[in-house]
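Structure file protein-v9.tsv (TSV, C-alpha atoms) is printed below.
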chain	number	residue	atom	x	y	z
A	1	MET	CA	-6.09	-1.59	-21.32
A	2	THR	CA	-2.55	-1.18	-19.99
A	3	ASP	CA	-3.83	0.09	-16.63
A	4	ILE	CA	-6.24	-2.80	-16.06
A	5	ASN	CA	-5.65	-6.51	-15.63
A	6	THR	CA	-8.49	-8.94	-16.31
A	7	THR	CA	-9.00	-12.69	-16.07
A	8	LEU	CA	-12.00	-14.67	-17.26
A	9	LYS	CA	-13.44	-17.74	-15.56
A	10	ASN	CA	-16.38	-19.92	-16.56
A	11	VAL	CA	-18.57	-20.05	-13.47
A	12	SER	CA	-21.13	-22.38	-15.07
A	13	ASP	CA	-22.47	-23.29	-18.50
A	14	SER	CA	-24.51	-20.08	-18.46
A	15	GLU	CA	-22.25	-17.64	-16.59
A	16	VAL	CA	-18.77	-16.20	-17.01
A	17	GLU	CA	-16.95	-14.10	-14.42
A	18	ILE	CA	-14.31	-11.50	-15.27
A	19	THR	CA	-12.08	-10.35	-12.43
A	20	CYS	CA	-10.68	-6.86	-12.99
A	21	GLU	CA	-7.96	-4.82	-11.29
A	22	ILE	CA	-7.38	-1.16	-12.16
A	23	ALA	CA	-4.01	0.28	-11.13
A	24	ALA	CA	-4.11	2.79	-8.26
A	25	THR	CA	-2.79	5.66	-10.39
A	26	ALA	CA	-5.36	5.04	-13.12
A	27	PHE	CA	-8.16	4.73	-10.59
A	28	GLU	CA	-7.18	8.01	-8.91
A	29	LYS	CA	-7.72	9.85	-12.21
A	30	ASN	CA	-11.47	9.44	-11.65
A	31	ARG	CA	-11.39	11.50	-8.45
A	32	THR	CA	-11.82	15.01	-9.89
A	33	LYS	CA	-14.75	13.97	-12.06
A	34	ALA	CA	-16.36	12.05	-9.18
A	35	VAL	CA	-16.11	15.06	-6.83
A	36	GLN	CA	-17.60	17.35	-9.47
A	37	LYS	CA	-20.47	14.95	-10.16
A	38	ILE	CA	-21.33	14.63	-6.48
A	39	ALA	CA	-21.11	18.40	-5.97
A	40	GLU	CA	-23.59	18.95	-8.81
A	41	GLU	CA	-26.09	16.46	-7.42
A	42	ILE	CA	-26.26	17.54	-3.76
A	43	SER	CA	-27.31	20.71	-2.00
A	44	LEU	CA	-25.53	21.92	1.14
A	45	PRO	CA	-26.29	25.11	3.09
A	46	GLY	CA	-23.73	27.85	2.37
A	47	PHE	CA	-22.59	26.39	-0.96
A	48	ARG	CA	-23.80	26.85	-4.51
A	49	ARG	CA	-24.72	23.64	-6.29
A	50	GLY	CA	-21.64	22.31	-8.05
A	51	HIS	CA	-19.23	24.30	-5.88
A	52	VAL	CA	-18.95	22.17	-2.75
A	53	PRO	CA	-15.23	21.61	-1.93
A	54	GLU	CA	-13.89	18.07	-1.83
A	55	LYS	CA	-12.81	18.51	1.80
A	56	THR	CA	-16.37	19.41	2.79
A	57	LEU	CA	-17.77	16.38	0.98
A	58	VAL	CA	-15.35	14.07	2.78
A	59	GLN	CA	-16.19	15.63	6.16
A	60	LYS	CA	-19.92	15.44	5.49
A	61	PHE	CA	-20.25	12.04	3.81
A	62	GLY	CA	-16.94	10.23	4.31
A	63	GLU	CA	-14.19	9.15	1.92
A	64	ILE	CA	-16.14	6.03	0.89
A	65	PHE	CA	-18.82	8.24	-0.68
A	66	ILE	CA	-16.30	9.62	-3.17
A	67	LEU	CA	-14.61	6.25	-3.69
A	68	GLU	CA	-17.93	4.64	-4.65
A	69	GLU	CA	-18.57	7.32	-7.27
A	70	MET	CA	-15.02	6.84	-8.56
A	71	ALA	CA	-15.74	3.12	-8.81
A	72	ASN	CA	-18.88	3.74	-10.88
A	73	LEU	CA	-16.98	5.99	-13.26
A	74	ALA	CA	-14.06	3.55	-13.55
A	75	ILE	CA	-16.34	0.60	-14.34
A	76	ASP	CA	-18.32	2.57	-16.93
A	77	HIS	CA	-15.10	3.65	-18.62
A	78	ALA	CA	-13.48	0.20	-18.62
A	79	TYR	CA	-16.59	-1.81	-19.55
A	80	PRO	CA	-16.42	-1.52	-23.39
A	81	ALA	CA	-12.74	-2.51	-23.46
A	82	ILE	CA	-13.38	-5.49	-21.17
A	83	ILE	CA	-16.18	-6.75	-23.43
A	84	GLU	CA	-14.03	-6.30	-26.53
A	85	LYS	CA	-11.01	-8.06	-25.02
A	86	HIS	CA	-12.88	-11.16	-23.87
A	87	LYS	CA	-15.48	-11.26	-26.69
A	88	VAL	CA	-18.28	-11.74	-24.20
A	89	HIS	CA	-21.64	-12.40	-25.86
A	90	SER	CA	-23.84	-11.56	-22.90
A	91	ILE	CA	-27.61	-12.12	-22.90
A	92	GLY	CA	-28.16	-9.58	-20.15
A	93	MET	CA	-26.54	-6.98	-17.94
A	94	PRO	CA	-23.75	-8.25	-15.67
A	95	SER	CA	-23.83	-8.24	-11.90
A	96	VAL	CA	-21.03	-6.19	-10.33
A	97	ALA	CA	-19.21	-7.08	-7.13
A	98	ILE	CA	-16.64	-4.75	-5.55
A	99	LYS	CA	-13.70	-6.72	-4.16
A	100	LYS	CA	-11.30	-3.97	-3.07
A	101	LEU	CA	-11.99	-0.25	-2.78
A	102	ALA	CA	-9.57	1.88	-0.75
A	103	LYS	CA	-7.77	5.17	-1.28
A	104	GLY	CA	-4.31	4.80	-2.79
A	105	ASN	CA	-4.87	1.14	-3.71
A	106	PRO	CA	-5.73	-0.72	-6.91
A	107	PHE	CA	-9.48	-1.03	-7.52
A	108	GLU	CA	-10.69	-4.63	-7.82
A	109	PHE	CA	-14.11	-5.81	-8.96
A	110	THR	CA	-15.80	-8.67	-10.79
A	111	LEU	CA	-18.35	-8.69	-13.59
A	112	THR	CA	-20.55	-11.79	-13.84
A	113	PHE	CA	-22.27	-12.14	-17.22
A	114	PRO	CA	-25.17	-14.39	-18.16
A	115	VAL	CA	-24.27	-16.09	-21.45
A	116	MET	CA	-25.99	-18.48	-23.80
A	117	PRO	CA	-25.20	-22.02	-22.64
A	118	GLU	CA	-24.23	-24.99	-24.76
A	119	ILE	CA	-27.34	-26.67	-26.09
A	120	LYS	CA	-27.60	-30.37	-26.91
A	121	LEU	CA	-30.72	-31.29	-28.84
A	122	PRO	CA	-32.30	-34.72	-29.12
A	123	ASP	CA	-32.84	-36.21	-32.60
A	124	TYR	CA	-35.36	-33.54	-33.58
A	125	LYS	CA	-35.75	-34.88	-37.11
A	126	LYS	CA	-36.76	-38.29	-35.80
A	127	ILE	CA	-39.16	-36.74	-33.28
A	128	ALA	CA	-40.74	-34.57	-35.97
A	129	HIS	CA	-41.04	-37.51	-38.37
A	130	GLY	CA	-42.83	-39.63	-35.79
A	131	ILE	CA	-45.45	-36.95	-35.23
A	132	MET	CA	-45.78	-35.35	-38.65
A	133	GLU	CA	-46.13	-38.63	-40.57
A	134	ILE	CA	-49.47	-39.32	-38.91
A	135	GLU	CA	-52.12	-38.14	-41.35
A	136	GLU	CA	-55.19	-36.64	-39.78
A	137	VAL	CA	-58.42	-36.59	-41.77
A	138	THR	CA	-60.25	-33.33	-41.30
A	139	ILE	CA	-64.00	-33.87	-41.57
A	140	VAL	CA	-66.65	-31.22	-41.08
A	141	GLU	CA	-70.07	-32.76	-40.44
A	142	ASP	CA	-73.28	-31.29	-41.82
A	143	GLU	CA	-74.42	-30.52	-38.29
A	144	ASP	CA	-71.26	-28.44	-37.76
A	145	VAL	CA	-72.13	-26.35	-40.80
A	146	THR	CA	-75.73	-25.97	-39.68
A	147	LYS	CA	-74.63	-24.87	-36.21
A	148	ALA	CA	-72.21	-22.30	-37.65
A	149	VAL	CA	-74.86	-20.91	-40.00
A	150	ASP	CA	-77.35	-20.68	-37.14
A	151	GLU	CA	-74.81	-18.72	-35.09
A	152	VAL	CA	-74.64	-16.21	-37.95
A	153	ARG	CA	-78.43	-16.03	-38.13
A	154	LYS	CA	-78.64	-15.41	-34.37
A	155	GLN	CA	-76.65	-12.21	-34.82
A	156	PHE	CA	-79.64	-10.83	-36.73
A	157	ALA	CA	-82.38	-12.39	-34.60
A	158	THR	CA	-85.51	-10.46	-33.67
A	159	LYS	CA	-88.23	-10.96	-31.03
A	160	ASP	CA	-91.84	-11.89	-31.67
A	161	ALA	CA	-94.86	-10.68	-29.73
A	162	GLU	CA	-94.17	-13.20	-26.97
A	163	ASP	CA	-90.50	-12.17	-26.72
A	164	ARG	CA	-89.29	-15.34	-28.36
A	165	GLU	CA	-86.20	-15.32	-30.55
A	166	VAL	CA	-86.92	-15.40	-34.26
A	167	LEU	CA	-84.09	-16.21	-36.65
A	168	PRO	CA	-84.07	-14.72	-40.15
A	169	GLU	CA	-84.71	-17.06	-43.05
A	170	LEU	CA	-81.65	-18.29	-44.89
A	171	THR	CA	-82.38	-16.59	-48.19
A	172	GLU	CA	-80.31	-15.13	-51.01
A	173	GLU	CA	-81.19	-11.68	-49.71
A	174	PHE	CA	-79.88	-12.55	-46.24
A	175	ILE	CA	-76.59	-14.12	-47.38
A	176	ALA	CA	-75.86	-11.05	-49.52
A	177	LYS	CA	-74.94	-9.32	-46.24
A	178	PHE	CA	-71.78	-11.45	-46.05
A	179	GLY	CA	-70.37	-11.28	-49.55
A	180	ASP	CA	-71.00	-11.84	-53.22
A	181	PHE	CA	-72.83	-15.13	-52.81
A	182	LYS	CA	-75.25	-16.10	-55.58
A	183	THR	CA	-77.00	-18.97	-53.82
A	184	VAL	CA	-77.55	-20.34	-50.32
A	185	GLU	CA	-75.60	-23.44	-51.33
A	186	GLU	CA	-72.61	-21.29	-52.25
A	187	PHE	CA	-72.77	-19.58	-48.86
A	188	THR	CA	-72.96	-22.83	-46.90
A	189	ALA	CA	-70.09	-24.24	-48.98
A	190	LYS	CA	-67.98	-21.25	-47.93
A	191	VAL	CA	-68.91	-21.85	-44.30
A	192	ARG	CA	-67.85	-25.50	-44.65
A	193	GLU	CA	-64.57	-24.42	-46.24
A	194	SER	CA	-63.88	-22.01	-43.36
A	195	LEU	CA	-64.65	-24.67	-40.75
A	196	THR	CA	-62.40	-27.15	-42.56
A	197	GLN	CA	-59.56	-24.62	-42.57
A	198	GLU	CA	-60.05	-23.95	-38.86
A	199	LYS	CA	-59.86	-27.66	-38.06
A	200	THR	CA	-56.80	-28.05	-40.27
A	201	ASN	CA	-55.08	-25.15	-38.53
A	202	ARG	CA	-55.89	-26.54	-35.09
A	203	ALA	CA	-54.53	-29.95	-36.07
A	204	ARG	CA	-51.34	-28.35	-37.40
A	205	GLU	CA	-50.84	-26.29	-34.24
A	206	LYS	CA	-51.43	-29.38	-32.11
A	207	LYS	CA	-48.73	-31.29	-34.01
A	208	ARG	CA	-46.33	-28.37	-33.73
A	209	ALA	CA	-46.90	-28.08	-29.99
A	210	GLU	CA	-46.48	-31.84	-29.48
A	211	THR	CA	-43.27	-31.85	-31.52
A	212	MET	CA	-41.70	-28.96	-29.64
A	213	GLU	CA	-42.75	-30.37	-26.28
A	214	LYS	CA	-40.96	-33.64	-27.03
A	215	ILE	CA	-37.88	-31.82	-28.30
A	216	ALA	CA	-37.85	-29.58	-25.21
A	217	ASP	CA	-38.20	-32.64	-22.95
A	218	GLY	CA	-35.09	-34.13	-24.57
A	219	ILE	CA	-32.93	-31.01	-24.61
A	220	THR	CA	-29.81	-30.83	-22.43
A	221	VAL	CA	-29.12	-27.28	-21.31
A	222	SER	CA	-28.30	-25.25	-18.21
A	223	LEU	CA	-31.02	-22.60	-18.34
A	224	PRO	CA	-29.78	-19.07	-17.63
A	225	ARG	CA	-31.88	-17.66	-14.82
A	226	ILE	CA	-32.23	-14.38	-16.68
A	227	LEU	CA	-34.15	-16.10	-19.49
A	228	VAL	CA	-36.56	-17.80	-17.10
A	229	GLU	CA	-37.11	-14.53	-15.23
A	230	GLY	CA	-37.75	-12.75	-18.51
A	231	GLU	CA	-40.35	-15.33	-19.51
A	232	LEU	CA	-42.04	-15.07	-16.12
A	233	GLU	CA	-42.21	-11.29	-16.54
A	234	ARG	CA	-43.90	-11.72	-19.93
A	235	MET	CA	-46.37	-14.23	-18.51
A	236	VAL	CA	-47.28	-11.92	-15.64
A	237	ALA	CA	-47.61	-8.91	-17.95
A	238	HIS	CA	-49.86	-10.86	-20.32
A	239	PHE	CA	-52.00	-12.17	-17.46
A	240	ARG	CA	-52.30	-8.70	-15.91
A	241	LYS	CA	-53.32	-7.21	-19.25
A	242	ASP	CA	-55.98	-9.87	-19.80
A	243	ILE	CA	-57.52	-9.31	-16.39
A	244	GLU	CA	-57.55	-5.53	-16.51
A	245	ARG	CA	-58.56	-5.23	-20.16
A	246	MET	CA	-61.28	-7.86	-20.26
A	247	GLY	CA	-62.42	-7.72	-16.67
A	248	MET	CA	-61.96	-11.44	-16.22
A	249	ASN	CA	-61.99	-13.07	-12.82
A	250	PRO	CA	-59.88	-16.25	-13.15
A	251	VAL	CA	-60.74	-19.11	-10.84
A	252	ARG	CA	-57.61	-21.17	-11.37
A	253	GLY	CA	-54.21	-19.55	-11.13
A	254	ARG	CA	-52.24	-21.33	-13.82
A	255	GLU	CA	-51.48	-18.89	-16.61
A	256	GLY	CA	-53.11	-19.80	-19.87
A	257	SER	CA	-55.44	-22.42	-18.35
A	258	GLN	CA	-57.76	-20.56	-16.03
A	259	ARG	CA	-61.57	-20.58	-16.04
A	260	ALA	CA	-63.07	-17.15	-15.79
A	261	SER	CA	-66.24	-15.28	-15.00
A	262	THR	CA	-67.02	-11.73	-16.03
A	263	SER	CA	-66.53	-8.90	-13.56
A	264	ASN	CA	-66.49	-5.14	-13.94
A	265	GLY	CA	-62.90	-4.40	-14.85
A	266	MET	CA	-61.17	-6.25	-12.04
A	267	LYS	CA	-57.70	-4.86	-11.34
A	268	PHE	CA	-54.72	-7.18	-11.06
A	269	GLU	CA	-54.19	-6.34	-7.40
A	270	GLU	CA	-57.87	-7.08	-6.72
A	271	TYR	CA	-57.46	-10.46	-8.38
A	272	LEU	CA	-54.51	-11.26	-6.12
A	273	THR	CA	-56.50	-10.22	-3.07
A	274	SER	CA	-59.59	-12.21	-4.07
A	275	THR	CA	-57.56	-15.37	-4.67
A	276	LYS	CA	-55.40	-14.81	-1.58
A	277	LYS	CA	-52.26	-15.05	-3.67
A	278	SER	CA	-49.20	-12.88	-4.05
A	279	LEU	CA	-47.34	-12.11	-7.24
A	280	GLU	CA	-44.60	-14.40	-6.00
A	281	ASP	CA	-47.15	-17.22	-5.60
A	282	LEU	CA	-48.11	-16.88	-9.27
A	283	ARG	CA	-44.48	-16.84	-10.35
A	284	LYS	CA	-43.83	-20.04	-8.40
A	285	GLU	CA	-46.88	-21.71	-9.97
A	286	TRP	CA	-45.72	-20.75	-13.45
A	287	GLU	CA	-42.03	-21.56	-12.95
A	288	GLN	CA	-42.13	-24.91	-14.77
A	289	ASP	CA	-44.19	-23.48	-17.62
A	290	ALA	CA	-41.68	-20.64	-17.98
A	291	GLU	CA	-38.77	-23.08	-18.08
A	292	LYS	CA	-40.55	-25.17	-20.74
A	293	ARG	CA	-41.21	-22.09	-22.86
A	294	VAL	CA	-37.58	-21.04	-22.65
A	295	LYS	CA	-36.44	-24.54	-23.65
A	296	VAL	CA	-38.80	-24.50	-26.62
A	297	GLN	CA	-37.46	-21.16	-27.84
A	298	LEU	CA	-33.84	-22.22	-27.33
A	299	ALA	CA	-34.56	-25.38	-29.32
A	300	LEU	CA	-36.16	-23.38	-32.13
A	301	ASN	CA	-33.16	-21.04	-32.24
A	302	GLU	CA	-30.67	-23.92	-32.23
A	303	ILE	CA	-32.46	-25.81	-35.01
A	304	ALA	CA	-32.51	-22.64	-37.11
A	305	THR	CA	-28.75	-22.28	-36.60
A	306	ILE	CA	-27.90	-25.92	-37.30
A	307	GLU	CA	-30.05	-26.08	-40.42
A	308	LYS	CA	-28.95	-22.61	-41.60
A	309	LEU	CA	-32.53	-21.45	-42.01
A	310	LYS	CA	-33.15	-17.91	-43.22
A	311	VAL	CA	-36.09	-15.52	-43.28
A	312	PRO	CA	-36.60	-14.09	-46.79
A	313	SER	CA	-35.52	-10.44	-46.56
A	314	GLU	CA	-38.40	-9.16	-48.69
A	315	ASP	CA	-40.94	-10.94	-46.50
A	316	LEU	CA	-39.30	-9.55	-43.37
A	317	GLU	CA	-39.34	-5.98	-44.65
A	318	ARG	CA	-42.98	-6.30	-45.66
A	319	GLU	CA	-44.08	-7.61	-42.27
A	320	VAL	CA	-42.05	-5.05	-40.31
A	321	THR	CA	-43.50	-2.22	-42.41
A	322	TYR	CA	-47.02	-3.55	-41.86
A	323	LEU	CA	-46.50	-3.74	-38.10
A	324	LEU	CA	-45.09	-0.21	-37.85
A	325	GLU	CA	-48.00	1.13	-39.90
A	326	HIS	CA	-50.63	-0.52	-37.72
A	327	VAL	CA	-49.12	-0.32	-34.22
A	328	LYS	CA	-48.87	3.28	-33.10
A	329	GLY	CA	-45.64	4.18	-31.32
A	330	ALA	CA	-43.91	0.85	-32.01
A	331	ASP	CA	-40.13	1.02	-31.79
A	332	PRO	CA	-38.66	0.05	-35.21
A	333	ALA	CA	-35.71	-1.89	-33.77
A	334	THR	CA	-37.88	-3.82	-31.32
A	335	ALA	CA	-40.49	-4.45	-34.01
A	336	ARG	CA	-37.86	-5.91	-36.34
A	337	ILE	CA	-36.50	-8.26	-33.68
A	338	HIS	CA	-40.02	-9.39	-32.75
A	339	VAL	CA	-41.13	-9.99	-36.33
A	340	GLU	CA	-37.90	-11.72	-37.36
A	341	ASN	CA	-38.14	-14.04	-34.35
A	342	LEU	CA	-41.73	-15.01	-35.20
A	343	MET	CA	-40.89	-15.54	-38.86
A	344	MET	CA	-37.80	-17.61	-38.03
A	345	ASN	CA	-39.90	-19.79	-35.72
A	346	GLU	CA	-42.28	-20.34	-38.65
A	347	GLU	CA	-39.36	-21.38	-40.86
A	348	VAL	CA	-38.31	-23.94	-38.25
A	349	PHE	CA	-41.84	-25.33	-38.01
A	350	LYS	CA	-42.00	-25.68	-41.80
A	351	PHE	CA	-38.68	-27.51	-41.71
A	352	LEU	CA	-39.94	-29.91	-39.03
A	353	GLU	CA	-43.19	-30.47	-40.91
A	354	GLY	CA	-41.10	-31.46	-43.92
A	355	GLN	CA	-39.66	-34.43	-41.99
A	356	LYS	CA	-42.82	-36.54	-42.37

Kindly transcribe the structure held in the file into structure tokens.
Amino acid sequence: MTDINTTLKNVSDSEVEITCEIAATAFEKNRTKAVQKIAEEISLPGFRRGHVPEKTLVQKFGEIFILEEMANLAIDHAYPAIIEKHKVHSIGMPSVAIKKLAKGNPFEFTLTFPVMPEIKLPDYKKIAHGIMEIEEVTIVEDEDVTKAVDEVRKQFATKDAEDREVLPELTEEFIAKFGDFKTVEEFTAKVRESLTQEKTNRAREKKRAETMEKIADGITVSLPRILVEGELERMVAHFRKDIERMGMNPVRGREGSQRASTSNGMKFEEYLTSTKKSLEDLRKEWEQDAEKRVKVQLALNEIATIEKLKVPSEDLEREVTYLLEHVKGADPATARIHVENLMMNEEVFKFLEGQK
């Protein structure tokens, strides 16, 4: 990078700015390629595409038109070397600002990168201990089992002569539809076991959520805007998909907590119209939720790093293979990142649960 001078400045905890100056002679070397590229992309009467003279381009569009294309080429060419020199670990694409662009002069511009900020966690072990040490007794009442069994029976209900619902008798013949059960007692015991597992899982998820919420509340971090925007995009995409796939008509606008009534395939735009809200309104409503979600994920990542947690390679390969086999068109690289992130989160939760 002998023809380019660069200086790095920390703009904030989550942004770095690199000021770059390319020497005039080096910048001018982009001119021929820029003219050729423009000539191939435009069509002018009397000229074949790709054969428009530079003089004609300047007369038609102005010198700045060529200089801007030269700037694009110069930045693209210099970008890898700039990243390598300053060891920038960006979490998104940089914003580019042109500072000086004139014929016969050095070309000056800045690149502002979003970077992962410094993260200071609260005493997450103490927080986890305070929540995980509380033992919750999971009890499934007889009436819960009866209700669950009746729900199964209702799936096979018939109507009598007066159009009243008639449930099938709970017999050995009936329970054979659901597995290799020898007796009714064995079937109801399995139902009780399933209900117990469901309650246990809900209690575990509740503890996990409470733990991460307290950790996120105590985290000190300057959130990169790009991460919050990315989370908002995911929330909107998920909400849009739910509405258009399930035909749900949410009454309240807070993502993840709305009541809903069935409609015939309501489109997302129709939902916005019916609720008199814009997409920007939704994003504003969900801003705090998005920030909390980002803090939670940053905390999970930081704990994994501090505690040197690892995802077993064999388990990772198995889960990635399963996903690729069952999700048509999934990108292997994206699938691996997604699966590894989920599995690492699980490792962190197991670690926190071990603090009780």

Problem - Point-to-point distance in Å for CA of Asn201 (chain A) and CA of Glu143 (chain A) - result: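 Computing it gives 20.1 Å between the two atoms.
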
Practice task
One decimal, Å: what's the distance from CA of Gln155 (chain A) over to CA of Leu167 (chain A), could you say?
Solution key: 8.6 Å

Using all atoms listed in the file, which residues sit within 9 Å of Leu309 (chain A) once same-chain residues fewer than 4 positions away are excluded, as a compact mmCIF listing (two decimals) with C-alpha atoms, keeping the file's coordinate frame?
# COMPACT_ATOMS: atom_id res chain seq x y z
CA ILE A 303 -32.46 -25.81 -35.01
CA ALA A 304 -32.51 -22.64 -37.11
CA THR A 305 -28.75 -22.28 -36.60
CA MET A 344 -37.80 -17.61 -38.03
CA GLU A 347 -39.36 -21.38 -40.86
CA VAL A 348 -38.31 -23.94 -38.25
CA PHE A 351 -38.68 -27.51 -41.71

Exercise for the section: Point out the residue among A:Lys85, A:Lys206, A:Lys276, A:Lys310 with the least atom-to-atom distance to Leu8 (chain A), counting only C-alpha atoms. Expected result: A:Lys85

Exercise for the section: Between A:Glu17, A:Glu198, A:Glu165, A:Asp144, single out the one closest to Thr112 (chain A), counting only C-alpha atoms. Expected result: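 Checking each candidate against Thr112 (chain A), we get A:Glu17 as the closest.
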
Problem - Near-Thr138 (chain A) list (9 Å; only C-alpha atoms; drop same-chain fewer than 3 positions) as a PyMOL selection string - result: chain A and resi 196-197+199-200+203

Practice task
Grab the CA of Ala74 (chain A) to CA of Asn30 (chain A) distance for me, in Å with one decimal place.
Solution key: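 Value for the CA of Ala74 (chain A)-CA of Asn30 (chain A) distance: 6.7 Å.
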
Problem - Exercise: region 289-302 of chain A partners within 12 Å, only C-alpha atoms, chain neighbours under 6 positions left out, as a ChimeraX atom specification - result: /A:116-124,208-236,254-257,282-283,308-310,340-352

Exercise for the section: Counting all atoms listed in the file, write as a list in words all protein and nucleic acid residues lying at most 8 Å from (-77.8, -18.6, -46.3) in the file's frame. Expected result: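 In the file's frame, the residues around the point are Val149, Glu169, Leu170, Thr171, Glu172, Phe174, Ile175, Thr183, Val184, Glu185, Phe187 and Thr188 of chain A.
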
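Using only C-alpha atoms for every distance, the candidate list A:Asp331, A:Glu186, A:Asp142, A:Glu133 yields A:Glu133 as the residue closest to Lys356 (chain A).
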
Exercise for the section: Select, from A:Pro168, A:Leu101, A:Glu136, A:Gly130, the residue with the minimum atom-to-atom distance to Glu151 (chain A), counting all atoms listed in the file. Expected result: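 Answer, going by the shortest atom-to-atom distance: A:Pro168.
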
Handout entry: Pick from A:Lys55, A:Lys60, A:His86, A:Lys267 nearest to Ile42 (chain A), counting all atoms listed in the file
Key = A:Lys60

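You can rank A:Ala148, A:Ala23, A:Leu272, A:Val88 by their closest distance to Lys9 (chain A) using only C-alpha atoms, and at the top of that list sits A:Val88.
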
Handout entry: Non-local contacts of Leu324 (chain A) (12 Å; all atoms listed in the file; under 3 positions in same chain excluded) as a PyMOL selection string
Key = chain A and resi 317-321+327-336+338-339

Take the residues that were just selected and, keeping C-alpha atoms, output them as a PDB file, in the frame of the given file.
ATOM      1  CA  GLU A 317     -39.340  -5.980 -44.650  1.00  0.00           C
ATOM      2  CA  ARG A 318     -42.980  -6.300 -45.660  1.00  0.00           C
ATOM      3  CA  GLU A 319     -44.080  -7.610 -42.270  1.00  0.00           C
ATOM      4  CA  VAL A 320     -42.050  -5.050 -40.310  1.00  0.00           C
ATOM      5  CA  THR A 321     -43.500  -2.220 -42.410  1.00  0.00           C
ATOM      6  CA  VAL A 327     -49.120  -0.320 -34.220  1.00  0.00           C
ATOM      7  CA  LYS A 328     -48.870   3.280 -33.100  1.00  0.00           C
ATOM      8  CA  GLY A 329     -45.640   4.180 -31.320  1.00  0.00           C
ATOM      9  CA  ALA A 330     -43.910   0.850 -32.010  1.00  0.00           C
ATOM     10  CA  ASP A 331     -40.130   1.020 -31.790  1.00  0.00           C
ATOM     11  CA  PRO A 332     -38.660   0.050 -35.210  1.00  0.00           C
ATOM     12  CA  ALA A 333     -35.710  -1.890 -33.770  1.00  0.00           C
ATOM     13  CA  THR A 334     -37.880  -3.820 -31.320  1.00  0.00           C
ATOM     14  CA  ALA A 335     -40.490  -4.450 -34.010  1.00  0.00           C
ATOM     15  CA  ARG A 336     -37.860  -5.910 -36.340  1.00  0.00           C
ATOM     16  CA  HIS A 338     -40.020  -9.390 -32.750  1.00  0.00           C
ATOM     17  CA  VAL A 339     -41.130  -9.990 -36.330  1.00  0.00           C
TER      18      VAL A 339
END

Handout entry: Residue contacts of Ile4 (chain A) (10 Å, all atoms listed in the file) excluding same-chain residues fewer than 5 positions away, as a PyMOL selection string
Key = chain A and resi 20-24+26-27+78+81-82+106-108

Kindly reconstruct region 44-56 of chain A with N, CA and C atoms and present the result as an mmCIF file, in the frame of the given file.
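For reference, selection.cif as written:
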data_model
loop_
_atom_site.group_PDB
_atom_site.id
_atom_site.type_symbol
_atom_site.label_atom_id
_atom_site.label_comp_id
_atom_site.auth_asym_id
_atom_site.auth_seq_id
_atom_site.Cartn_x
_atom_site.Cartn_y
_atom_site.Cartn_z
ATOM 1 N N LEU A 44 -25.960 21.696 -0.237
ATOM 2 C CA LEU A 44 -25.530 21.920 1.140
ATOM 3 C C LEU A 44 -25.662 23.400 1.477
ATOM 4 N N PRO A 45 -26.154 23.704 2.670
ATOM 5 C CA PRO A 45 -26.290 25.110 3.090
ATOM 6 C C PRO A 45 -24.941 25.837 3.015
ATOM 7 N N GLY A 46 -24.944 27.035 2.447
ATOM 8 C CA GLY A 46 -23.730 27.850 2.370
ATOM 9 C C GLY A 46 -22.910 27.623 1.121
ATOM 10 N N PHE A 47 -23.343 26.675 0.264
ATOM 11 C CA PHE A 47 -22.590 26.390 -0.960
ATOM 12 C C PHE A 47 -23.535 26.384 -2.162
ATOM 13 N N ARG A 48 -23.057 26.944 -3.266
ATOM 14 C CA ARG A 48 -23.800 26.850 -4.510
ATOM 15 C C ARG A 48 -23.680 25.436 -5.060
ATOM 16 N N ARG A 49 -24.750 24.984 -5.707
ATOM 17 C CA ARG A 49 -24.720 23.640 -6.290
ATOM 18 C C ARG A 49 -23.577 23.548 -7.297
ATOM 19 N N GLY A 50 -22.773 22.500 -7.168
ATOM 20 C CA GLY A 50 -21.640 22.310 -8.050
ATOM 21 C C GLY A 50 -20.355 22.937 -7.547
ATOM 22 N N HIS A 51 -20.426 23.612 -6.396
ATOM 23 C CA HIS A 51 -19.230 24.300 -5.880
ATOM 24 C C HIS A 51 -18.899 23.878 -4.443
ATOM 25 N N VAL A 52 -19.287 22.672 -4.081
ATOM 26 C CA VAL A 52 -18.950 22.170 -2.750
ATOM 27 C C VAL A 52 -17.523 21.621 -2.787
ATOM 28 N N PRO A 53 -16.628 22.079 -1.924
ATOM 29 C CA PRO A 53 -15.230 21.610 -1.930
ATOM 30 C C PRO A 53 -15.136 20.131 -1.582
ATOM 31 N N GLU A 54 -14.101 19.490 -2.102
ATOM 32 C CA GLU A 54 -13.890 18.070 -1.830
ATOM 33 C C GLU A 54 -13.745 17.810 -0.334
ATOM 34 N N LYS A 55 -13.012 18.687 0.362
ATOM 35 C CA LYS A 55 -12.810 18.510 1.800
ATOM 36 C C LYS A 55 -14.125 18.479 2.548
ATOM 37 N N THR A 56 -15.052 19.360 2.139
ATOM 38 C CA THR A 56 -16.370 19.410 2.790
ATOM 39 C C THR A 56 -17.151 18.133 2.525
#
